[in-house]
$ cat structure_12.csv   # CSV, C-alpha atoms
chain,number,residue,atom,x,y,z
P,299,MET,CA,147.6,-206.6,-64.6
P,300,SER,CA,144.9,-206.4,-61.9
P,301,ASN,CA,147.4,-208.1,-59.6
P,302,LEU,CA,149.9,-205.2,-60.2
P,303,ALA,CA,147.2,-202.6,-59.6
P,304,TRP,CA,146.2,-204.3,-56.4
P,305,ILE,CA,149.8,-204.4,-55.1
P,306,PHE,CA,150.1,-200.7,-55.8
P,307,VAL,CA,146.9,-199.6,-54.2
P,308,SER,CA,147.6,-201.9,-51.2
P,309,ALA,CA,151.0,-200.4,-50.7
P,310,VAL,CA,149.9,-196.8,-51.0
P,311,LEU,CA,146.7,-196.8,-49.0
P,312,VAL,CA,145.5,-200.0,-47.4
P,313,ASN,CA,148.8,-201.3,-46.0
P,314,ASN,CA,150.5,-198.0,-45.8
P,315,PHE,CA,154.1,-198.6,-44.7
P,316,THR,CA,154.2,-195.8,-42.1
P,317,LEU,CA,150.7,-195.9,-40.7
P,318,SER,CA,149.8,-199.5,-40.6
P,319,TYR,CA,153.2,-201.3,-40.5
P,320,PHE,CA,155.0,-198.6,-38.5
P,321,LEU,CA,158.0,-198.7,-40.8
P,322,GLY,CA,160.2,-195.7,-41.3
P,323,LEU,CA,158.9,-193.9,-38.2
P,324,CYS,CA,162.2,-192.1,-37.5
P,325,PRO,CA,162.0,-189.9,-40.6
P,326,PHE,CA,158.2,-189.7,-40.1
P,327,PHE,CA,158.6,-188.0,-36.8
P,328,GLY,CA,162.0,-186.5,-37.3
P,329,VAL,CA,161.7,-184.7,-40.7
P,330,SER,CA,158.0,-183.9,-40.7
P,331,SER,CA,158.1,-180.4,-39.3
P,332,ARG,CA,158.2,-178.6,-42.6
P,333,LEU,CA,156.0,-179.5,-45.6
P,334,GLU,CA,158.8,-178.7,-48.2
P,335,THR,CA,161.4,-181.0,-46.5
P,336,ALA,CA,158.9,-183.7,-46.0
P,337,PHE,CA,158.0,-183.8,-49.6
P,338,ARG,CA,161.6,-184.0,-50.8
P,339,LEU,CA,162.4,-186.7,-48.3
P,340,GLY,CA,159.4,-188.6,-49.6
P,341,LEU,CA,160.7,-188.3,-53.2
P,342,ALA,CA,164.2,-189.5,-52.1
P,343,ASN,CA,162.5,-192.4,-50.3
P,344,ILE,CA,160.7,-193.5,-53.5
P,345,PHE,CA,164.0,-193.4,-55.3
P,346,VAL,CA,165.8,-195.5,-52.7
P,347,MET,CA,163.0,-198.0,-52.5
P,348,VAL,CA,163.1,-198.7,-56.3
P,349,ILE,CA,166.9,-199.3,-56.0
P,350,THR,CA,166.3,-201.5,-53.0
P,351,SER,CA,163.7,-203.5,-54.8
P,352,VAL,CA,166.0,-204.2,-57.7
P,353,CYS,CA,168.9,-205.1,-55.4
P,354,ALA,CA,166.8,-207.4,-53.3
P,355,TRP,CA,165.4,-209.1,-56.3
P,356,SER,CA,168.8,-209.7,-57.8
P,357,LEU,CA,170.2,-211.0,-54.6
P,358,GLU,CA,167.2,-213.3,-54.1
P,359,THR,CA,167.5,-214.9,-57.5
P,360,LEU,CA,171.3,-215.0,-57.9
P,361,VAL,CA,172.9,-215.4,-54.6
P,362,LEU,CA,170.6,-216.3,-51.8
P,363,PRO,CA,169.4,-219.8,-52.9
P,364,HIS,CA,172.9,-220.9,-52.0
P,365,ALA,CA,173.2,-219.2,-48.7
P,366,PRO,CA,169.8,-218.2,-47.1
P,367,TYR,CA,171.4,-217.4,-43.8
P,368,LEU,CA,173.2,-214.4,-45.4
P,369,ARG,CA,169.9,-212.8,-46.4
P,370,LEU,CA,169.8,-210.0,-43.8
P,371,ILE,CA,173.5,-209.2,-43.9
P,372,SER,CA,173.7,-209.1,-47.7
P,373,PHE,CA,170.5,-207.0,-48.0
P,374,ILE,CA,171.9,-204.4,-45.7
P,375,VAL,CA,175.4,-204.2,-47.2
P,376,VAL,CA,174.2,-204.3,-50.8
P,377,ILE,CA,171.4,-201.8,-50.4
P,378,ALA,CA,173.6,-199.3,-48.4
P,379,SER,CA,176.5,-199.5,-50.9
P,380,THR,CA,174.3,-199.2,-53.9
P,381,VAL,CA,172.5,-196.2,-52.6
P,382,GLN,CA,175.9,-194.6,-51.8
P,383,PHE,CA,177.1,-195.4,-55.3
P,384,VAL,CA,174.0,-194.0,-57.0
P,385,GLU,CA,174.4,-190.9,-54.8
P,386,MET,CA,177.9,-190.4,-56.2
P,387,VAL,CA,176.7,-190.9,-59.8
P,388,ILE,CA,173.9,-188.4,-59.3
P,389,LYS,CA,176.2,-185.9,-57.8
P,390,LYS,CA,178.4,-186.1,-60.9
P,391,LEU,CA,175.6,-186.2,-63.5
P,392,SER,CA,172.9,-183.9,-62.2
P,393,PRO,CA,173.9,-181.5,-59.4
P,394,ALA,CA,170.4,-180.1,-59.4
P,395,LEU,CA,168.8,-183.4,-58.6
P,396,PHE,CA,171.5,-184.1,-56.0
P,397,LYS,CA,170.8,-180.8,-54.4
P,398,ALA,CA,167.1,-181.7,-54.1
P,399,LEU,CA,167.5,-185.2,-52.9
P,400,GLY,CA,171.1,-185.6,-51.9
P,401,ILE,CA,171.2,-184.6,-48.3
P,402,TYR,CA,168.3,-187.0,-47.5
P,403,LEU,CA,169.9,-190.1,-49.1
P,404,PRO,CA,172.3,-191.0,-46.3
P,405,LEU,CA,169.4,-190.5,-43.8
P,406,ILE,CA,167.3,-193.2,-45.4
P,407,THR,CA,169.9,-195.8,-46.5
P,408,THR,CA,169.1,-198.1,-43.6
P,409,ASN,CA,165.8,-197.0,-42.2
P,410,CYS,CA,163.4,-199.8,-41.4
P,411,GLY,CA,161.1,-198.9,-44.3
P,412,ILE,CA,163.8,-199.8,-46.8
P,413,LEU,CA,164.8,-203.0,-45.2
P,414,GLY,CA,161.2,-203.8,-44.6
P,415,LEU,CA,160.4,-203.4,-48.2
P,416,ALA,CA,163.2,-205.9,-49.2
P,417,LEU,CA,162.0,-208.4,-46.6
P,418,PHE,CA,158.3,-208.2,-47.5
P,419,GLN,CA,159.1,-208.4,-51.1
P,420,THR,CA,161.0,-211.6,-50.5
P,421,SER,CA,158.5,-213.2,-48.1
P,422,ARG,CA,155.6,-212.5,-50.4
P,423,GLY,CA,157.5,-214.0,-53.4
P,424,TYR,CA,157.1,-210.9,-55.7
P,425,GLY,CA,158.8,-211.1,-59.1
P,426,PHE,CA,160.8,-208.3,-60.7
P,427,PHE,CA,157.9,-206.2,-61.9
P,428,GLU,CA,155.7,-206.8,-58.9
P,429,GLY,CA,158.6,-205.8,-56.8
P,430,LEU,CA,159.1,-202.5,-58.7
P,431,VAL,CA,155.4,-201.7,-58.4
P,432,PHE,CA,155.4,-202.5,-54.7
P,433,ALA,CA,158.5,-200.3,-54.2
P,434,VAL,CA,156.9,-197.3,-56.0
P,435,GLY,CA,153.6,-197.8,-54.1
P,436,ALA,CA,155.3,-198.2,-50.7
P,437,GLY,CA,157.4,-195.1,-51.4
P,438,MET,CA,154.4,-193.1,-52.5
P,439,GLY,CA,152.5,-194.2,-49.4
P,440,MET,CA,155.3,-193.1,-47.1
P,441,THR,CA,155.4,-189.7,-49.0
P,442,LEU,CA,151.7,-189.3,-48.6
P,443,ALA,CA,151.9,-190.0,-44.8
P,444,LEU,CA,154.9,-187.7,-44.4
P,445,VAL,CA,153.3,-184.8,-46.3
P,446,LEU,CA,150.0,-185.2,-44.4
P,447,MET,CA,151.8,-185.3,-41.1
P,448,ALA,CA,153.9,-182.2,-42.0
P,449,GLY,CA,150.8,-180.3,-43.0
P,450,LEU,CA,149.1,-181.2,-39.7
P,451,ARG,CA,152.2,-180.3,-37.7
P,452,GLU,CA,152.5,-176.9,-39.3
P,453,GLU,CA,148.9,-176.3,-38.3
P,454,ALA,CA,149.3,-177.7,-34.8
P,455,GLU,CA,152.2,-175.3,-34.2
P,456,LEU,CA,149.8,-172.4,-34.6
P,457,SER,CA,147.2,-173.7,-32.3
P,458,ASP,CA,147.0,-173.3,-28.5
P,459,VAL,CA,148.0,-176.8,-27.3
P,460,PRO,CA,148.4,-177.5,-23.5
P,461,LYS,CA,152.1,-177.3,-22.6
P,462,VAL,CA,152.2,-180.8,-21.3
P,463,ALA,CA,151.1,-182.3,-24.6
P,464,ARG,CA,153.6,-180.4,-26.8
P,465,GLY,CA,156.2,-182.3,-28.7
P,466,ILE,CA,156.4,-185.9,-29.4
P,467,ALA,CA,153.2,-186.9,-27.5
P,468,LEU,CA,151.1,-184.6,-29.6
P,469,ASN,CA,152.7,-185.9,-32.8
P,470,LEU,CA,151.9,-189.5,-31.7
P,471,ILE,CA,148.3,-188.7,-31.2
P,472,ILE,CA,148.1,-186.9,-34.5
P,473,ALA,CA,149.7,-189.9,-36.2
P,474,GLY,CA,147.2,-192.2,-34.4
P,475,MET,CA,144.3,-190.2,-35.9
P,476,LEU,CA,145.9,-190.4,-39.4
P,477,ALA,CA,146.3,-194.1,-39.0
P,478,MET,CA,142.6,-194.4,-38.0
P,479,ALA,CA,141.6,-192.5,-41.1
P,480,PHE,CA,143.8,-194.9,-43.2
P,481,GLN,CA,142.1,-197.9,-41.7
P,482,GLY,CA,139.1,-196.8,-43.6
P,483,PHE,CA,140.8,-198.0,-46.7
P,484,ALA,CA,140.8,-201.5,-45.4
P,485,GLY,CA,137.5,-202.2,-47.0
P,486,LEU,CA,138.8,-201.4,-50.5
P,487,PHE,CA,138.9,-204.3,-52.9
P,488,GLY,CA,136.9,-206.6,-50.5
P,489,SER,CA,138.7,-208.0,-47.5
P,490,ALA,CA,141.9,-209.1,-49.2
P,491,ALA,CA,144.8,-208.1,-47.0
A,120,MET,CA,184.1,-201.9,-8.2
A,121,SER,CA,186.1,-198.9,-7.0
A,122,ALA,CA,184.3,-195.9,-8.3
A,123,THR,CA,186.6,-193.1,-9.3
A,124,LEU,CA,185.5,-189.6,-8.3
A,125,GLU,CA,184.1,-188.6,-11.6
A,126,GLY,CA,182.3,-191.0,-14.0
A,127,PRO,CA,179.4,-193.2,-13.1
A,128,THR,CA,179.9,-196.7,-11.8
A,129,THR,CA,178.9,-199.9,-13.6
A,130,THR,CA,175.7,-200.1,-11.5
A,131,ASP,CA,174.8,-196.6,-12.6
A,132,GLU,CA,175.3,-197.5,-16.3
A,133,PHE,CA,172.9,-200.4,-15.7
A,134,ILE,CA,170.2,-198.4,-13.9
A,135,LYS,CA,170.1,-195.4,-16.2
A,136,GLY,CA,168.6,-197.4,-19.0
A,137,LEU,CA,165.7,-198.6,-16.9
A,138,TRP,CA,164.2,-195.2,-16.2
A,139,LYS,CA,166.2,-192.0,-16.4
A,140,GLU,CA,167.3,-192.6,-20.0
A,141,ASN,CA,164.7,-195.2,-21.0
A,142,PRO,CA,165.1,-195.7,-24.7
A,143,VAL,CA,161.4,-195.6,-25.5
A,144,PHE,CA,159.9,-193.2,-23.1
A,145,VAL,CA,162.7,-190.7,-22.7
A,146,GLN,CA,164.8,-191.0,-25.9
A,147,VAL,CA,161.9,-192.0,-28.1
A,148,LEU,CA,164.1,-194.4,-30.1
A,149,GLY,CA,163.3,-197.7,-31.8
A,150,MET,CA,159.7,-196.7,-32.5
A,151,CYS,CA,159.0,-199.2,-35.3
A,152,PRO,CA,159.2,-202.4,-33.2
A,153,THR,CA,157.8,-200.5,-30.2
A,154,LEU,CA,154.5,-199.9,-32.0
A,155,ALA,CA,154.3,-202.7,-34.5
A,156,VAL,CA,154.4,-205.8,-32.3
A,157,THR,CA,152.9,-204.5,-29.0
A,158,ASN,CA,149.3,-205.6,-29.7
A,159,SER,CA,149.7,-208.3,-27.0
A,160,ALA,CA,151.8,-208.6,-23.9
A,161,ILE,CA,153.5,-211.8,-25.0
A,162,ASN,CA,154.6,-210.4,-28.4
A,163,ALA,CA,155.9,-207.3,-26.7
A,164,LEU,CA,157.9,-209.3,-24.1
A,165,ALA,CA,159.3,-211.6,-26.8
A,166,MET,CA,160.4,-208.6,-28.9
A,167,GLY,CA,161.9,-206.8,-25.9
A,168,LEU,CA,163.9,-209.9,-24.9
A,169,ALA,CA,165.1,-210.6,-28.5
A,170,THR,CA,166.2,-206.9,-28.8
A,171,MET,CA,167.9,-207.1,-25.4
A,172,VAL,CA,169.9,-210.2,-26.3
A,173,VAL,CA,171.1,-208.6,-29.5
A,174,LEU,CA,171.9,-205.4,-27.7
A,175,VAL,CA,173.9,-207.0,-25.0
A,176,MET,CA,175.9,-209.2,-27.4
A,177,SER,CA,176.6,-206.5,-29.9
A,178,ASN,CA,177.6,-204.1,-27.2
A,179,ALA,CA,180.0,-206.7,-25.8
A,180,VAL,CA,181.6,-207.5,-29.2
A,181,ILE,CA,181.8,-203.9,-30.3
A,182,SER,CA,183.4,-202.9,-26.9
A,183,LEU,CA,186.0,-205.7,-27.3
A,184,LEU,CA,186.8,-204.6,-30.9
A,185,ARG,CA,186.6,-200.9,-30.3
A,186,LYS,CA,190.4,-200.5,-30.6
A,187,PHE,CA,190.6,-202.4,-33.9
A,188,ILE,CA,187.8,-200.9,-35.9
A,189,PRO,CA,189.0,-198.0,-38.0
A,190,LYS,CA,186.9,-194.8,-37.4
A,191,GLN,CA,185.9,-194.4,-41.1
A,192,VAL,CA,184.2,-197.7,-41.4
A,193,ARG,CA,182.8,-198.1,-37.8
A,194,ILE,CA,179.1,-197.7,-38.6
A,195,ALA,CA,179.3,-200.3,-41.4
A,196,SER,CA,181.2,-202.7,-39.0
A,197,TYR,CA,178.6,-202.1,-36.2
A,198,ILE,CA,175.8,-202.9,-38.6
A,199,LEU,CA,177.5,-206.1,-39.7
A,200,ILE,CA,178.0,-207.3,-36.2
A,201,ILE,CA,174.4,-206.4,-35.2
A,202,ALA,CA,173.1,-208.2,-38.3
A,203,SER,CA,174.9,-211.4,-37.5
A,204,PHE,CA,173.4,-211.5,-34.0
A,205,VAL,CA,170.0,-210.7,-35.3
A,206,THR,CA,170.2,-213.6,-37.8
A,207,ALA,CA,171.2,-215.9,-35.0
A,208,VAL,CA,168.4,-214.7,-32.8
A,209,GLU,CA,165.9,-215.2,-35.6
A,210,TYR,CA,166.9,-218.8,-36.1
A,211,VAL,CA,166.7,-219.4,-32.3
A,212,ILE,CA,163.2,-218.0,-32.1
A,213,GLN,CA,162.2,-220.1,-35.1
A,214,ALA,CA,163.5,-223.2,-33.3
A,215,VAL,CA,161.9,-222.4,-30.0
A,216,SER,CA,158.4,-221.3,-31.0
A,217,LEU,CA,157.1,-221.2,-34.6
A,218,ASP,CA,154.0,-219.4,-33.5
A,219,LEU,CA,156.0,-216.5,-32.0
A,220,HIS,CA,158.1,-216.4,-35.2
A,221,LYS,CA,155.0,-216.1,-37.2
A,222,ALA,CA,153.5,-213.4,-35.0
A,223,LEU,CA,156.6,-211.2,-35.0
A,224,GLY,CA,157.3,-211.9,-38.7
A,225,ALA,CA,159.7,-209.6,-40.5
A,226,PHE,CA,160.0,-207.5,-37.4
A,227,ILE,CA,162.6,-209.9,-35.9
A,228,SER,CA,164.9,-209.1,-38.9
A,229,LEU,CA,164.1,-205.5,-38.5
A,230,ILE,CA,165.8,-205.4,-35.1
A,231,VAL,CA,168.9,-204.7,-37.2
A,232,VAL,CA,167.7,-201.2,-38.0
A,233,ASN,CA,166.4,-200.5,-34.4
A,234,CYS,CA,168.1,-197.2,-33.7
A,235,VAL,CA,168.4,-198.1,-30.0
A,236,ILE,CA,171.1,-200.8,-30.8
A,237,LEU,CA,173.1,-198.7,-33.2
A,238,GLY,CA,172.7,-195.7,-30.9
A,239,ARG,CA,174.2,-197.6,-27.9
A,240,ALA,CA,177.0,-199.0,-30.1
A,241,GLU,CA,178.0,-195.6,-31.3
A,242,ALA,CA,177.3,-193.6,-28.1
A,243,PHE,CA,178.5,-196.1,-25.5
A,244,ALA,CA,180.1,-199.4,-26.5
A,245,SER,CA,182.6,-197.8,-28.8
A,246,LYS,CA,184.0,-195.8,-25.9
A,247,ASN,CA,183.8,-198.0,-22.8
A,248,ASP,CA,185.2,-201.3,-21.6
A,249,LEU,CA,183.5,-204.7,-21.7
A,250,VAL,CA,181.9,-204.7,-18.3
A,251,LYS,CA,180.4,-201.3,-18.5
A,252,SER,CA,179.1,-202.0,-22.1
A,253,LEU,CA,177.5,-205.2,-20.9
A,254,ALA,CA,175.8,-203.3,-18.0
A,255,ASP,CA,174.7,-200.6,-20.4
A,256,GLY,CA,173.3,-203.1,-22.9
A,257,ALA,CA,171.5,-205.0,-20.2
A,258,GLY,CA,170.0,-201.9,-18.7
A,259,MET,CA,168.9,-200.4,-21.9
A,260,GLY,CA,167.5,-203.7,-23.1
A,261,LEU,CA,165.6,-204.1,-19.8
A,262,GLY,CA,164.3,-200.6,-20.1
A,263,PHE,CA,163.2,-201.3,-23.7
A,264,THR,CA,161.5,-204.5,-22.7
A,265,PHE,CA,159.8,-202.8,-19.8
A,266,ALA,CA,158.4,-200.1,-22.0
A,267,LEU,CA,157.3,-202.5,-24.7
A,268,PHE,CA,155.5,-204.5,-21.9
A,269,LEU,CA,153.7,-201.5,-20.6
A,270,LEU,CA,152.5,-200.7,-24.1
A,271,GLY,CA,151.6,-204.4,-24.9
A,272,ALA,CA,149.8,-204.9,-21.6
A,273,VAL,CA,147.6,-201.8,-22.0
A,274,ARG,CA,146.8,-202.6,-25.6
A,275,GLU,CA,145.9,-206.2,-24.9
A,276,VAL,CA,143.8,-205.5,-21.8
A,277,LEU,CA,141.8,-202.8,-23.5
A,278,GLY,CA,141.8,-204.3,-27.0
A,279,SER,CA,140.9,-207.9,-26.2
A,280,GLY,CA,140.1,-207.9,-22.5
A,281,SER,CA,142.9,-210.3,-21.6
A,282,LEU,CA,146.5,-210.3,-20.4
A,283,PHE,CA,148.9,-213.0,-21.7
A,284,GLY,CA,145.8,-214.6,-23.2
A,285,VAL,CA,144.0,-214.9,-19.9
A,286,ALA,CA,140.8,-213.0,-19.6
A,287,VAL,CA,141.2,-210.3,-16.9
A,288,LEU,CA,138.1,-208.1,-17.5
A,289,PRO,CA,134.5,-209.3,-17.0
A,290,ALA,CA,132.8,-210.8,-20.0
A,291,SER,CA,130.4,-207.8,-20.2
A,292,PHE,CA,133.4,-205.6,-21.2
A,293,GLN,CA,133.2,-204.6,-24.8
A,294,PRO,CA,136.8,-204.8,-26.2
A,295,TRP,CA,138.1,-201.6,-27.8
A,296,VAL,CA,139.2,-203.1,-31.1
A,297,ILE,CA,141.0,-199.9,-32.0
A,298,MET,CA,143.6,-200.6,-29.4
A,299,ILE,CA,145.0,-203.6,-31.2
A,300,LEU,CA,144.8,-201.9,-34.6
A,301,PRO,CA,147.8,-199.7,-35.7
A,302,SER,CA,146.2,-196.4,-34.5
A,303,GLY,CA,145.9,-197.9,-31.0
A,304,GLY,CA,149.7,-198.2,-30.9
A,305,PHE,CA,150.2,-194.5,-31.6
A,306,PHE,CA,147.5,-193.5,-29.1
A,307,THR,CA,148.9,-195.8,-26.3
A,308,LEU,CA,152.4,-194.6,-26.7
A,309,GLY,CA,151.2,-191.0,-26.9
A,310,SER,CA,149.2,-191.4,-23.7
A,311,TRP,CA,152.1,-192.9,-21.8
A,312,LEU,CA,154.3,-190.0,-22.9
A,313,LEU,CA,151.6,-187.5,-21.9
A,314,PHE,CA,151.4,-189.2,-18.5
A,315,PHE,CA,155.2,-189.1,-18.0
A,316,ASN,CA,155.3,-185.5,-19.2
A,317,TYR,CA,152.7,-184.6,-16.6
A,318,LEU,CA,154.7,-186.4,-13.8
A,319,SER,CA,157.9,-184.6,-14.7
A,320,LYS,CA,156.2,-181.2,-15.0
A,321,ARG,CA,154.6,-181.8,-11.6
A,322,LYS,CA,158.0,-182.7,-10.1
A,323,ALA,CA,159.6,-179.6,-11.6
A,324,ARG,CA,156.9,-177.4,-10.2
A,325,LYS,CA,157.2,-179.0,-6.8
A,326,ALA,CA,161.0,-178.5,-6.8
A,327,ALA,CA,160.5,-174.9,-7.9
A,328,LEU,CA,158.1,-174.3,-5.0
A,329,ALA,CA,160.4,-175.8,-2.5
A,330,THR,CA,163.4,-173.6,-3.5
A,331,ALA,CA,161.1,-170.6,-3.5
A,332,GLU,CA,160.0,-171.4,0.1
A,333,VAL,CA,163.6,-171.8,1.1
A,334,ALA,CA,164.5,-168.5,-0.4
A,335,SER,CA,161.7,-166.5,1.2

$ encode --input "structure_12.csv" --output "structure tokens"
Amino acid sequence: MSNLAWIFVSAVLVNNFTLSYFLGLCPFFGVSSRLETAFRLGLANIFVMVITSVCAWSLETLVLPHAPYLRLISFIVVIASTVQFVEMVIKKLSPALFKALGIYLPLITTNCGILGLALFQTSRGYGFFEGLVFAVGAGMGMTLALVLMAGLREEAELSDVPKVARGIALNLIIAGMLAMAFQGFAGLFGSAA
Amino acid sequence: MSATLEGPTTTDEFIKGLWKENPVFVQVLGMCPTLAVTNSAINALAMGLATMVVLVMSNAVISLLRKFIPKQVRIASYILIIASFVTAVEYVIQAVSLDLHKALGAFISLIVVNCVILGRAEAFASKNDLVKSLADGAGMGLGFTFALFLLGAVREVLGSGSLFGVAVLPASFQPWVIMILPSGGFFTLGSWLLFFNYLSKRKARKAALATAEVAS
């Protein structure tokens, strides 16, 4: 049990996917200009990550022992098609949910956070439940980073920033400061990384 | 190499990736590997070269197959082609240097989702012939490697006082540990972008001044 809790806290705070592994930076910088959108993208992200975790676990136990060199290719194909399939199911069953998450799903089907989750889960030898907890934690961590970033960017737009620093350079520096703050969590639970 | 009146030559396609359309500094693509593995110059170079190999190979194959791949499934096909090459590159790195393989870790596999590669496949290789696509891939790859090296070198020099593992700063220098930590990656890339922004703004002002002088 404590193992699961540790995996969760580690994925949300200590080894935050966005701020300490640099995964999923494209949506982090691309879709973080409005708080509302950022939050929804984060939710969609958690959703896809859970699907990914289940897919990766099934592939890893059923198929890949026979053909390890197919790992990367099969991860991508299976994850992308499953997400697309689930997207269609949601569209049919719950139009409201689809409206909230739908347009973001294609955006995240193959971002590096998703593939990174599958790869980390495999290389750390997580089981089914550990994988699920890891997926939810990583997704929440990315959501947290996205929402923080969006809030900061909305504020930064109102302030008087030198022209030369506007745009991506400023966002990078803000992200650096966020990452610095998150490094403070590294002391949590002793030095276990 | 007879250049037609309109349309850039093969050499132009090669050169544009190095500076004018540099994938990292100008297009700001492929951020994940750019920041994640550039805590030392050697890691940065290895990552850059691995990406370049994949980029050139996938550009070549996609360019050759561009007439056969149906439009509806092109993205999926590109990703499959790219993933095959990445798998091959990963095994090669593992065979050549186990240390490097460990240092880069999952980020070698993550070359698949590097948007630079898919971006070039979609924007260039799917519309141009083999030679031009090769040149474009090599140019973009070199530009990417160059940018990664700039980041890696700055972070290693300031963060551990060395370059390629050789001490370059006096022993009295207190390393800025923050530079090799994740936030250092953001700061370094941000600072390079600031610097290039400044240069281009200056150039624009100079040009404006020159035209104003001509006009008066």

$ residues_around --input "structure_12.csv" --residues "range 409-423 of chain P" --least-positions-apart "3" --cutoff "10 Å" --atoms "all atoms listed in the file" --output "VMD selection string"
(chain P and resid 315 to 316 319 to 325 343 to 344 346 to 355 358 369 to 370 373 to 374 377 to 378 404 to 406 426 428 to 430 432 to 433 436 to 437 440) or (chain A and resid 149 151 to 152 224 to 226 228 to 234)

$ axis_aligned_box --input "structure_12.csv" --around "range 368-376 of chain P" --padding-each-side "8 Å" --output "lines of an AutoDock Vina configuration file"
center_x = 172.6
center_y = -209.3
center_z = -47.3
size_x = 21.6
size_y = 26.2
size_z = 23.0

$ atom_distance --input "structure_12.csv" --atom1 "CA of Ser182 in chain A" --atom2 "CA of Glu241 in chain A"
10.1 Å

$ closest_atom_pairs --input "structure_12.csv" --of "chain A" --to "chain P" --cutoff "9 Å" --atoms "all atoms listed in the file" --output "Markdown table"
| residue | atom | partner | partner_atom | distance |
| --- | --- | --- | --- | --- |
| A:Val147 | CA | P:Ile466 | CA | 8.3 |
| A:Leu148 | CA | P:Cys324 | CA | 8.0 |
| A:Gly149 | CA | P:Cys324 | CA | 8.1 |
| A:Met150 | CA | P:Leu323 | CA | 6.4 |
| A:Cys151 | CA | P:Phe320 | CA | 5.2 |
| A:Pro152 | CA | P:Phe320 | CA | 7.8 |
| A:Thr153 | CA | P:Phe320 | CA | 9.0 |
| A:Leu154 | CA | P:Phe320 | CA | 6.6 |
| A:Ala155 | CA | P:Phe320 | CA | 5.8 |
| A:Ala195 | CA | P:Val375 | CA | 8.0 |
| A:Ile198 | CA | P:Ile374 | CA | 8.2 |
| A:Leu199 | CA | P:Ile371 | CA | 6.6 |
| A:Ala202 | CA | P:Ile371 | CA | 5.7 |
| A:Ser203 | CA | P:Ile371 | CA | 6.9 |
| A:Val205 | CA | P:Leu370 | CA | 8.5 |
| A:Thr206 | CA | P:Leu370 | CA | 7.0 |
| A:Ala207 | CA | P:Tyr367 | CA | 8.9 |
| A:Ala225 | CA | P:Leu417 | CA | 6.6 |
| A:Phe226 | CA | P:Gly414 | CA | 8.2 |
| A:Ser228 | CA | P:Leu370 | CA | 7.0 |
| A:Leu229 | CA | P:Cys410 | CA | 6.4 |
| A:Ile230 | CA | P:Cys410 | CA | 8.8 |
| A:Val231 | CA | P:Cys410 | CA | 8.5 |
| A:Val232 | CA | P:Cys410 | CA | 5.7 |
| A:Asn233 | CA | P:Cys410 | CA | 7.6 |
| A:Cys234 | CA | P:Cys324 | CA | 8.7 |
| A:Ile297 | CA | P:Met478 | CA | 8.3 |
| A:Leu300 | CA | P:Ser318 | CA | 8.2 |
| A:Pro301 | CA | P:Ser318 | CA | 5.3 |
| A:Ser302 | CA | P:Gly474 | CA | 4.3 |
| A:Gly303 | CA | P:Gly474 | CA | 6.8 |
| A:Gly304 | CA | P:Gly474 | CA | 7.4 |
| A:Phe305 | CA | P:Gly474 | CA | 4.7 |
| A:Phe306 | CA | P:Ile471 | CA | 5.3 |
| A:Thr307 | CA | P:Ile471 | CA | 8.6 |
| A:Leu308 | CA | P:Leu470 | CA | 7.2 |
| A:Gly309 | CA | P:Ala467 | CA | 4.6 |
| A:Ser310 | CA | P:Ala467 | CA | 7.1 |
| A:Trp311 | CA | P:Ala467 | CA | 8.3 |
| A:Leu312 | CA | P:Ala467 | CA | 5.7 |
| A:Leu313 | CA | P:Ala467 | CA | 5.9 |
| A:Phe314 | CA | P:Val462 | CA | 8.9 |
| A:Asn316 | CA | P:Val462 | CA | 6.0 |
| A:Tyr317 | CA | P:Val462 | CA | 6.1 |
| A:Lys320 | CA | P:Val462 | CA | 7.5 |

$ residues_near_point --input "structure_12.csv" --point "(145.8, -205.5, -22.2)" --cutoff "10 Å" --atoms "all atoms listed in the file" --output "PyMOL selection string"
chain A and resi 157-160+268-288+294+298-299

$ residues_near_point --input "structure_12.csv" --point "(149.9, -179.9, -39.1)" --cutoff "12 Å" --atoms "only C-alpha atoms" --output "VMD selection string"
chain P and resid 330 to 333 336 443 to 457 468 to 469 471 to 473 476

$ write_last_selection --input "structure_12.csv" --atoms "C-alpha atoms" --output "mmCIF file, keeping the file's coordinate frame"
data_model
loop_
_atom_site.group_PDB
_atom_site.id
_atom_site.type_symbol
_atom_site.label_atom_id
_atom_site.label_comp_id
_atom_site.auth_asym_id
_atom_site.auth_seq_id
_atom_site.Cartn_x
_atom_site.Cartn_y
_atom_site.Cartn_z
ATOM 1 C CA SER P 330 158.000 -183.900 -40.700
ATOM 2 C CA SER P 331 158.100 -180.400 -39.300
ATOM 3 C CA ARG P 332 158.200 -178.600 -42.600
ATOM 4 C CA LEU P 333 156.000 -179.500 -45.600
ATOM 5 C CA ALA P 336 158.900 -183.700 -46.000
ATOM 6 C CA ALA P 443 151.900 -190.000 -44.800
ATOM 7 C CA LEU P 444 154.900 -187.700 -44.400
ATOM 8 C CA VAL P 445 153.300 -184.800 -46.300
ATOM 9 C CA LEU P 446 150.000 -185.200 -44.400
ATOM 10 C CA MET P 447 151.800 -185.300 -41.100
ATOM 11 C CA ALA P 448 153.900 -182.200 -42.000
ATOM 12 C CA GLY P 449 150.800 -180.300 -43.000
ATOM 13 C CA LEU P 450 149.100 -181.200 -39.700
ATOM 14 C CA ARG P 451 152.200 -180.300 -37.700
ATOM 15 C CA GLU P 452 152.500 -176.900 -39.300
ATOM 16 C CA GLU P 453 148.900 -176.300 -38.300
ATOM 17 C CA ALA P 454 149.300 -177.700 -34.800
ATOM 18 C CA GLU P 455 152.200 -175.300 -34.200
ATOM 19 C CA LEU P 456 149.800 -172.400 -34.600
ATOM 20 C CA SER P 457 147.200 -173.700 -32.300
ATOM 21 C CA LEU P 468 151.100 -184.600 -29.600
ATOM 22 C CA ASN P 469 152.700 -185.900 -32.800
ATOM 23 C CA ILE P 471 148.300 -188.700 -31.200
ATOM 24 C CA ILE P 472 148.100 -186.900 -34.500
ATOM 25 C CA ALA P 473 149.700 -189.900 -36.200
ATOM 26 C CA LEU P 476 145.900 -190.400 -39.400
#
